[in-house]
Amino acid sequence: MNSTNHSDVIIIGSGPGGATASTLIAQRGFSVTLLERELTPQYRVGESLIPETYWTFKRLKMLEKLKSSHFVKKNGVQFVNSSGQLSAPFYFYEHKPGECSQTWQIRRIEFDSMMLQNAREQGVAVNQGVRVLDVLFNDDRAVGVLVKDADGNRKKLFADVIVDASGQSSMIINKFKLRAPDPSLNKGAIWTYYEGAFRDEGKNEGATIVLSLKNSKGWF
Ligand SMILES: Cc1cc2nc3c(=O)[nH]c(=O)nc-3n(C[C@H](O)[C@H](O)[C@H](O)COP(=O)(O)OP(=O)(O)OC[C@H]3O[C@@H](n4cnc5c(N)ncnc54)[C@H](O)[C@@H]3O)c2cc1C
């Protein structure tokens, strides 16, 4: 961990949210401490990128890394209706031609590692194996965090700004019980992975295929 216990910004969580925020802030010359409870990136769901992420990758200096990666290129989406009828492919370059009309299907464990390495290269102090136990407040202002490192040592770290990018752990939301259910988002998701599935070729290789259920009750 950093030798000093004060940074301009502390970010909790090194998923895509934390890695993005930390890199963009470090690019502006601020000292950023990123705290991640896991020792290495772990399996997470969320593999299919959308075209507009291109502009964020450009700002992050991630584009060349993605272009030279082995990730499957995604040029569009194809829809199948509830009777099994296949739509014409929806190619991003036909609807919004430009630099960003191709994106990728990524593996999170590799992608998250690339994003973290990219953050390090741009000056972020990345600390893995450091769990944030609590966010410390001075009146209504977050001023620091209480952490436990991989050896079980507890320490307080301070910063001018604390960013909660802890994903579904939602540290600050849970601390203040701010979670409010939205009935219109009352949905569930189940996911799995298949081996030996048929894959289209060429520009359809990485298409996301969306199969609709009857009466618009869902999709997979
Ligand atoms: C079924 C499903 C399918 C999805 N499909 C897609 C998709 O196709 N494309 C897409 O773009 N998105 C998809 N998503 C969404 C995607 O998974 C999330 O948007 C993304 O993971 C959020 O990133 P994040 O950085 O906010 O959080 P996370 O990736 O969850 O990262 C949070 C990090 O914080 C760390 N952390 C948590 N608590 C602490 C603590 N106390 N101290 C230190 N570190 C901590 C965690 O270890 C983790 O590394 C899908 C989600 C689901 C559920």
# chains A, B, ... in the order shown; residues from 1 in each chain; ligands from 1

$ residues_near_ligand --ligand "ligand 1" --cutoff "7 Å" --atoms "only C-alpha atoms and all ligand atoms" --output "PyMOL selection string"
chain A and resi 12-18+35-38+41+44-50+130-133+165-169+171+189-191

$ write_last_selection --atoms "N, CA, C and O atoms" --output "compact mmCIF listing (two decimals), in the first residue's frame"
# COMPACT_ATOMS: atom_id res chain seq x y z
N ILE A 12 -12.92 2.86 -4.33
CA ILE A 12 -13.19 1.52 -3.78
C ILE A 12 -13.68 0.63 -4.91
O ILE A 12 -14.74 0.88 -5.48
N GLY A 13 -12.90 -0.42 -5.24
CA GLY A 13 -13.33 -1.37 -6.26
C GLY A 13 -12.62 -1.16 -7.58
O GLY A 13 -12.53 -0.05 -8.07
N SER A 14 -12.09 -2.28 -8.13
CA SER A 14 -11.29 -2.16 -9.36
C SER A 14 -11.96 -2.84 -10.55
O SER A 14 -11.28 -3.34 -11.44
N GLY A 15 -13.30 -2.88 -10.57
CA GLY A 15 -13.99 -3.35 -11.77
C GLY A 15 -13.87 -2.28 -12.86
O GLY A 15 -13.10 -1.31 -12.71
N PRO A 16 -14.64 -2.41 -13.94
CA PRO A 16 -14.56 -1.42 -15.01
C PRO A 16 -14.87 0.00 -14.51
O PRO A 16 -14.26 0.97 -14.98
N GLY A 17 -15.80 0.11 -13.55
CA GLY A 17 -16.15 1.44 -13.02
C GLY A 17 -14.95 2.07 -12.32
O GLY A 17 -14.56 3.21 -12.63
N GLY A 18 -14.36 1.34 -11.37
CA GLY A 18 -13.23 1.88 -10.60
C GLY A 18 -12.01 2.10 -11.46
O GLY A 18 -11.30 3.11 -11.30
N LEU A 35 -8.47 0.72 -4.31
CA LEU A 35 -8.47 -0.36 -3.31
C LEU A 35 -9.37 -1.49 -3.77
O LEU A 35 -10.56 -1.26 -4.04
N GLU A 36 -8.81 -2.67 -3.87
CA GLU A 36 -9.57 -3.83 -4.35
C GLU A 36 -9.39 -4.98 -3.37
O GLU A 36 -8.27 -5.32 -3.02
N ARG A 37 -10.51 -5.59 -2.96
CA ARG A 37 -10.43 -6.64 -1.94
C ARG A 37 -9.80 -7.93 -2.47
O ARG A 37 -9.20 -8.68 -1.72
N GLU A 38 -9.96 -8.21 -3.78
CA GLU A 38 -9.42 -9.45 -4.34
C GLU A 38 -7.94 -9.25 -4.68
O GLU A 38 -7.51 -8.15 -5.03
N PRO A 41 -7.99 -10.07 -10.49
CA PRO A 41 -9.36 -10.00 -11.02
C PRO A 41 -10.02 -11.37 -11.02
O PRO A 41 -9.39 -12.39 -11.31
N ARG A 44 -16.38 -12.43 -13.51
CA ARG A 44 -17.59 -11.60 -13.39
C ARG A 44 -18.37 -11.68 -14.69
O ARG A 44 -17.79 -11.89 -15.75
N VAL A 45 -19.67 -11.48 -14.60
CA VAL A 45 -20.49 -11.47 -15.81
C VAL A 45 -20.48 -10.05 -16.40
O VAL A 45 -20.28 -9.08 -15.67
N GLY A 46 -20.69 -9.95 -17.72
CA GLY A 46 -20.74 -8.62 -18.36
C GLY A 46 -19.73 -8.55 -19.48
O GLY A 46 -18.73 -7.84 -19.38
N GLU A 47 -19.98 -9.31 -20.54
CA GLU A 47 -18.94 -9.50 -21.57
C GLU A 47 -19.15 -8.74 -22.85
O GLU A 47 -18.23 -8.58 -23.65
N SER A 48 -20.39 -8.31 -23.11
CA SER A 48 -20.72 -7.80 -24.43
C SER A 48 -20.67 -6.28 -24.42
O SER A 48 -21.51 -5.63 -23.81
N LEU A 49 -19.67 -5.71 -25.07
CA LEU A 49 -19.52 -4.25 -25.03
C LEU A 49 -20.46 -3.60 -26.05
O LEU A 49 -20.88 -4.24 -27.02
N ILE A 50 -20.78 -2.34 -25.82
CA ILE A 50 -21.62 -1.61 -26.77
C ILE A 50 -20.75 -0.56 -27.48
O ILE A 50 -19.74 -0.09 -26.93
N VAL A 130 -6.90 -5.62 -0.60
CA VAL A 130 -7.19 -4.64 0.45
C VAL A 130 -8.70 -4.40 0.49
O VAL A 130 -9.28 -3.84 -0.44
N ARG A 131 -9.32 -4.87 1.56
CA ARG A 131 -10.78 -4.76 1.68
C ARG A 131 -11.14 -3.49 2.43
O ARG A 131 -10.56 -3.22 3.50
N VAL A 132 -12.04 -2.72 1.89
CA VAL A 132 -12.54 -1.55 2.61
C VAL A 132 -13.63 -2.03 3.56
O VAL A 132 -14.61 -2.64 3.14
N LEU A 133 -13.42 -1.75 4.85
CA LEU A 133 -14.38 -2.19 5.87
C LEU A 133 -15.44 -1.13 6.11
O LEU A 133 -16.58 -1.44 6.43
N ALA A 165 -16.94 2.57 -6.06
CA ALA A 165 -17.13 1.80 -7.30
C ALA A 165 -17.14 0.32 -6.93
O ALA A 165 -16.57 -0.51 -7.64
N SER A 166 -17.81 0.00 -5.80
CA SER A 166 -17.76 -1.38 -5.29
C SER A 166 -18.82 -2.28 -5.90
O SER A 166 -19.07 -3.37 -5.40
N GLY A 167 -19.45 -1.84 -6.99
CA GLY A 167 -20.41 -2.67 -7.70
C GLY A 167 -21.60 -3.00 -6.81
O GLY A 167 -22.10 -2.13 -6.07
N GLN A 168 -22.03 -4.26 -6.85
CA GLN A 168 -23.22 -4.61 -6.08
C GLN A 168 -22.97 -4.62 -4.58
O GLN A 168 -23.93 -4.71 -3.80
N SER A 169 -21.73 -4.53 -4.15
CA SER A 169 -21.48 -4.38 -2.71
C SER A 169 -22.01 -3.04 -2.21
O SER A 169 -22.36 -2.89 -1.04
N MET A 171 -21.09 -0.03 -1.10
CA MET A 171 -20.71 0.28 0.27
C MET A 171 -21.46 1.46 0.87
O MET A 171 -22.01 1.38 1.96
N ALA A 189 -32.28 -12.16 -13.86
CA ALA A 189 -31.43 -12.66 -14.94
C ALA A 189 -30.80 -13.97 -14.53
O ALA A 189 -30.42 -14.14 -13.37
N ILE A 190 -30.73 -14.88 -15.48
CA ILE A 190 -30.05 -16.16 -15.27
C ILE A 190 -29.03 -16.26 -16.38
O ILE A 190 -29.34 -15.89 -17.51
N TRP A 191 -27.82 -16.74 -16.08
CA TRP A 191 -26.88 -16.85 -17.18
C TRP A 191 -26.04 -18.10 -17.08
O TRP A 191 -25.90 -18.69 -16.01

$ select_by_dssp --residues "segment 49-219 of chain A" --states "alpha helix (DSSP H)" --output "PyMOL selection string"
chain A and resi 53-60+63-67+92-95+108-121+171-175

$ atom_distance --atom1 "atom CA of Lys187 of chain A" --atom2 "atom CA of Gly218 of chain A"
9.1 Å

$ residues_around --residues "Gln78 of chain A" --least-positions-apart "6" --cutoff "10 Å" --atoms "only C-alpha atoms" --output "ChimeraX atom specification"
/A:86-91,204,207-211

$ write_last_selection --atoms "C-alpha atoms" --output "tab-separated table (two decimals), in the first residue's frame"
chain	number	residue	atom	x	y	z
A	86	LEU	CA	-34.43	-14.33	-37.64
A	87	SER	CA	-34.23	-10.59	-38.39
A	88	ALA	CA	-31.74	-9.13	-40.85
A	89	PRO	CA	-28.51	-8.41	-38.93
A	90	PHE	CA	-28.40	-4.98	-37.30
A	91	TYR	CA	-24.90	-3.79	-38.19
A	204	ASN	CA	-21.33	-11.96	-37.96
A	207	ALA	CA	-22.98	-10.72	-33.15
A	208	THR	CA	-25.06	-10.74	-30.01
A	209	ILE	CA	-28.20	-12.75	-30.73
A	210	VAL	CA	-31.32	-11.62	-28.87
A	211	LEU	CA	-34.21	-14.09	-28.70

$ residues_around --residues "Ser101 of chain A" --least-positions-apart "4" --cutoff "9 Å" --atoms "only C-alpha atoms" --output "JSON, numbers by chain"
{"A": [51, 52, 54, 74, 75, 76, 91, 92, 93, 94, 95, 96, 97]}

$ residues_around --residues "segment 112-127 of chain A" --least-positions-apart "5" --cutoff "8 Å" --atoms "only C-alpha atoms" --output "ChimeraX atom specification"
/A:1-2,14-16,19-20,22-23,26-27,31-36,40-41,60-62,65

$ write_last_selection --atoms "N, CA, C and O atoms" --output "PDB file, in the first residue's frame"
ATOM      1  N   MET A   1       0.838  -1.194   0.000  1.00  0.00           N
ATOM      2  CA  MET A   1       0.000   0.000   0.000  1.00  0.00           C
ATOM      3  C   MET A   1       0.880   1.255   0.000  1.00  0.00           C
ATOM      4  O   MET A   1       2.041   1.193   0.374  1.00  0.00           O
ATOM      5  N   ASN A   2       0.305   2.385  -0.393  1.00  0.00           N
ATOM      6  CA  ASN A   2       1.065   3.644  -0.436  1.00  0.00           C
ATOM      7  C   ASN A   2       1.749   3.911   0.906  1.00  0.00           C
ATOM      8  O   ASN A   2       1.199   3.603   1.950  1.00  0.00           O
ATOM      9  N   SER A  14     -12.088  -2.279  -8.129  1.00  0.00           N
ATOM     10  CA  SER A  14     -11.289  -2.158  -9.356  1.00  0.00           C
ATOM     11  C   SER A  14     -11.956  -2.840 -10.546  1.00  0.00           C
ATOM     12  O   SER A  14     -11.283  -3.341 -11.440  1.00  0.00           O
ATOM     13  N   GLY A  15     -13.299  -2.880 -10.568  1.00  0.00           N
ATOM     14  CA  GLY A  15     -13.993  -3.345 -11.774  1.00  0.00           C
ATOM     15  C   GLY A  15     -13.875  -2.276 -12.859  1.00  0.00           C
ATOM     16  O   GLY A  15     -13.100  -1.314 -12.715  1.00  0.00           O
ATOM     17  N   PRO A  16     -14.636  -2.414 -13.937  1.00  0.00           N
ATOM     18  CA  PRO A  16     -14.562  -1.415 -15.010  1.00  0.00           C
ATOM     19  C   PRO A  16     -14.869   0.001 -14.515  1.00  0.00           C
ATOM     20  O   PRO A  16     -14.257   0.972 -14.982  1.00  0.00           O
ATOM     21  N   ALA A  19     -11.730   1.168 -12.379  1.00  0.00           N
ATOM     22  CA  ALA A  19     -10.537   1.322 -13.236  1.00  0.00           C
ATOM     23  C   ALA A  19     -10.696   2.542 -14.144  1.00  0.00           C
ATOM     24  O   ALA A  19      -9.738   3.302 -14.356  1.00  0.00           O
ATOM     25  N   THR A  20     -11.903   2.759 -14.657  1.00  0.00           N
ATOM     26  CA  THR A  20     -12.143   3.907 -15.543  1.00  0.00           C
ATOM     27  C   THR A  20     -12.011   5.216 -14.770  1.00  0.00           C
ATOM     28  O   THR A  20     -11.265   6.118 -15.178  1.00  0.00           O
ATOM     29  N   SER A  22     -10.533   5.854 -11.954  1.00  0.00           N
ATOM     30  CA  SER A  22      -9.188   6.118 -11.426  1.00  0.00           C
ATOM     31  C   SER A  22      -8.247   6.587 -12.531  1.00  0.00           C
ATOM     32  O   SER A  22      -7.453   7.508 -12.332  1.00  0.00           O
ATOM     33  N   THR A  23      -8.346   5.974 -13.714  1.00  0.00           N
ATOM     34  CA  THR A  23      -7.434   6.348 -14.810  1.00  0.00           C
ATOM     35  C   THR A  23      -7.718   7.776 -15.269  1.00  0.00           C
ATOM     36  O   THR A  23      -6.790   8.576 -15.464  1.00  0.00           O
ATOM     37  N   ALA A  26      -6.431  10.194 -12.658  1.00  0.00           N
ATOM     38  CA  ALA A  26      -4.951  10.237 -12.633  1.00  0.00           C
ATOM     39  C   ALA A  26      -4.410  10.994 -13.842  1.00  0.00           C
ATOM     40  O   ALA A  26      -3.396  11.692 -13.738  1.00  0.00           O
ATOM     41  N   GLN A  27      -5.084  10.881 -14.981  1.00  0.00           N
ATOM     42  CA  GLN A  27      -4.640  11.613 -16.182  1.00  0.00           C
ATOM     43  C   GLN A  27      -4.618  13.121 -15.944  1.00  0.00           C
ATOM     44  O   GLN A  27      -3.875  13.844 -16.590  1.00  0.00           O
ATOM     45  N   SER A  31      -3.409  12.448  -7.373  1.00  0.00           N
ATOM     46  CA  SER A  31      -2.955  11.151  -6.834  1.00  0.00           C
ATOM     47  C   SER A  31      -4.181  10.305  -6.525  1.00  0.00           C
ATOM     48  O   SER A  31      -5.131  10.764  -5.867  1.00  0.00           O
ATOM     49  N   VAL A  32      -4.169   9.075  -7.053  1.00  0.00           N
ATOM     50  CA  VAL A  32      -5.337   8.203  -6.907  1.00  0.00           C
ATOM     51  C   VAL A  32      -4.918   6.879  -6.291  1.00  0.00           C
ATOM     52  O   VAL A  32      -3.998   6.217  -6.777  1.00  0.00           O
ATOM     53  N   THR A  33      -5.614   6.478  -5.227  1.00  0.00           N
ATOM     54  CA  THR A  33      -5.395   5.170  -4.601  1.00  0.00           C
ATOM     55  C   THR A  33      -6.614   4.308  -4.890  1.00  0.00           C
ATOM     56  O   THR A  33      -7.733   4.664  -4.525  1.00  0.00           O
ATOM     57  N   LEU A  34      -6.366   3.198  -5.565  1.00  0.00           N
ATOM     58  CA  LEU A  34      -7.440   2.263  -5.902  1.00  0.00           C
ATOM     59  C   LEU A  34      -7.346   1.071  -4.948  1.00  0.00           C
ATOM     60  O   LEU A  34      -6.267   0.470  -4.810  1.00  0.00           O
ATOM     61  N   LEU A  35      -8.472   0.722  -4.310  1.00  0.00           N
ATOM     62  CA  LEU A  35      -8.468  -0.359  -3.313  1.00  0.00           C
ATOM     63  C   LEU A  35      -9.375  -1.486  -3.775  1.00  0.00           C
ATOM     64  O   LEU A  35     -10.565  -1.264  -4.043  1.00  0.00           O
ATOM     65  N   GLU A  36      -8.814  -2.672  -3.869  1.00  0.00           N
ATOM     66  CA  GLU A  36      -9.570  -3.830  -4.352  1.00  0.00           C
ATOM     67  C   GLU A  36      -9.387  -4.977  -3.366  1.00  0.00           C
ATOM     68  O   GLU A  36      -8.270  -5.324  -3.018  1.00  0.00           O
ATOM     69  N   THR A  40      -6.438 -10.776  -7.272  1.00  0.00           N
ATOM     70  CA  THR A  40      -6.370 -10.716  -8.741  1.00  0.00           C
ATOM     71  C   THR A  40      -7.799 -10.583  -9.252  1.00  0.00           C
ATOM     72  O   THR A  40      -8.741 -10.969  -8.553  1.00  0.00           O
ATOM     73  N   PRO A  41      -7.991 -10.069 -10.493  1.00  0.00           N
ATOM     74  CA  PRO A  41      -9.359  -9.998 -11.021  1.00  0.00           C
ATOM     75  C   PRO A  41     -10.025 -11.373 -11.017  1.00  0.00           C
ATOM     76  O   PRO A  41      -9.388 -12.387 -11.308  1.00  0.00           O
ATOM     77  N   LEU A  60      -9.215   6.547 -22.291  1.00  0.00           N
ATOM     78  CA  LEU A  60      -8.425   5.738 -21.350  1.00  0.00           C
ATOM     79  C   LEU A  60      -7.108   5.252 -21.944  1.00  0.00           C
ATOM     80  O   LEU A  60      -6.298   4.652 -21.235  1.00  0.00           O
ATOM     81  N   LYS A  61      -6.917   5.453 -23.256  1.00  0.00           N
ATOM     82  CA  LYS A  61      -5.744   4.911 -23.976  1.00  0.00           C
ATOM     83  C   LYS A  61      -5.792   3.371 -23.991  1.00  0.00           C
ATOM     84  O   LYS A  61      -4.766   2.695 -23.887  1.00  0.00           O
ATOM     85  N   MET A  62      -6.984   2.840 -24.110  1.00  0.00           N
ATOM     86  CA  MET A  62      -7.182   1.377 -24.130  1.00  0.00           C
ATOM     87  C   MET A  62      -7.398   0.852 -25.550  1.00  0.00           C
ATOM     88  O   MET A  62      -7.401  -0.366 -25.760  1.00  0.00           O
ATOM     89  N   LYS A  65      -4.817  -1.484 -27.168  1.00  0.00           N
ATOM     90  CA  LYS A  65      -4.756  -2.763 -26.442  1.00  0.00           C
ATOM     91  C   LYS A  65      -5.930  -3.661 -26.842  1.00  0.00           C
ATOM     92  O   LYS A  65      -5.762  -4.864 -27.021  1.00  0.00           O
TER      93      LYS A  65
END

$ select_by_dssp --residues "segment 43-160 of chain A" --states "strand (DSSP E)" --output "PyMOL selection string"
chain A and resi 72-74+76-80+90-91+103-105+125-128+131-138+141-148+154-160

$ residues_around --residues "segment 138-144 of chain A" --least-positions-apart "4" --cutoff "10 Å" --atoms "only C-alpha atoms" --output "list in words"
Asn5, His6, Ser7, Val9, Ile10, Asp134, Lys156, Leu157, Phe158, Ala159, Asp160, Val161, Ile162, Val163 and Ile172 of chain A

$ write_last_selection --atoms "N, CA and C atoms" --output "mmCIF file, in the first residue's frame"
data_model
loop_
_atom_site.group_PDB
_atom_site.id
_atom_site.type_symbol
_atom_site.label_atom_id
_atom_site.label_comp_id
_atom_site.auth_asym_id
_atom_site.auth_seq_id
_atom_site.Cartn_x
_atom_site.Cartn_y
_atom_site.Cartn_z
ATOM 1 N N ASN A 5 -0.590 8.043 3.919
ATOM 2 C CA ASN A 5 -1.978 7.608 4.082
ATOM 3 C C ASN A 5 -2.957 8.662 3.574
ATOM 4 N N HIS A 6 -2.474 9.604 2.731
ATOM 5 C CA HIS A 6 -3.380 10.592 2.134
ATOM 6 C C HIS A 6 -3.199 10.649 0.623
ATOM 7 N N SER A 7 -4.326 10.631 -0.119
ATOM 8 C CA SER A 7 -4.301 10.811 -1.579
ATOM 9 C C SER A 7 -5.347 11.865 -1.927
ATOM 10 N N VAL A 9 -7.614 11.264 -4.213
ATOM 11 C CA VAL A 9 -8.846 10.487 -4.418
ATOM 12 C C VAL A 9 -8.606 9.030 -4.022
ATOM 13 N N ILE A 10 -9.566 8.452 -3.308
ATOM 14 C CA ILE A 10 -9.571 7.002 -3.044
ATOM 15 C C ILE A 10 -10.740 6.412 -3.815
ATOM 16 N N ASP A 134 -15.013 0.131 5.966
ATOM 17 C CA ASP A 134 -15.965 1.217 6.245
ATOM 18 C C ASP A 134 -15.500 2.493 5.550
ATOM 19 N N LYS A 156 -6.246 3.246 8.524
ATOM 20 C CA LYS A 156 -7.128 4.293 7.989
ATOM 21 C C LYS A 156 -6.397 5.041 6.886
ATOM 22 N N LEU A 157 -7.077 5.268 5.775
ATOM 23 C CA LEU A 157 -6.513 6.029 4.655
ATOM 24 C C LEU A 157 -7.435 7.219 4.414
ATOM 25 N N PHE A 158 -6.849 8.341 4.045
ATOM 26 C CA PHE A 158 -7.656 9.556 3.889
ATOM 27 C C PHE A 158 -7.513 10.144 2.487
ATOM 28 N N ALA A 159 -8.546 10.871 2.045
ATOM 29 C CA ALA A 159 -8.501 11.514 0.720
ATOM 30 C C ALA A 159 -9.502 12.658 0.699
ATOM 31 N N ASP A 160 -9.321 13.542 -0.289
ATOM 32 C CA ASP A 160 -10.275 14.654 -0.436
ATOM 33 C C ASP A 160 -11.598 14.152 -1.010
ATOM 34 N N VAL A 161 -11.501 13.113 -1.850
ATOM 35 C CA VAL A 161 -12.713 12.571 -2.488
ATOM 36 C C VAL A 161 -12.672 11.046 -2.387
ATOM 37 N N ILE A 162 -13.807 10.450 -2.030
ATOM 38 C CA ILE A 162 -13.913 8.983 -1.989
ATOM 39 C C ILE A 162 -14.930 8.576 -3.056
ATOM 40 N N VAL A 163 -14.536 7.667 -3.937
ATOM 41 C CA VAL A 163 -15.456 7.180 -4.973
ATOM 42 C C VAL A 163 -15.824 5.734 -4.638
ATOM 43 N N ILE A 172 -21.472 2.578 0.131
ATOM 44 C CA ILE A 172 -22.072 3.791 0.718
ATOM 45 C C ILE A 172 -23.597 3.679 0.732
#

$ atom_distance --atom1 "atom CA of Tyr194 of chain A" --atom2 "atom CA of Thr53 of chain A"
26.1 Å
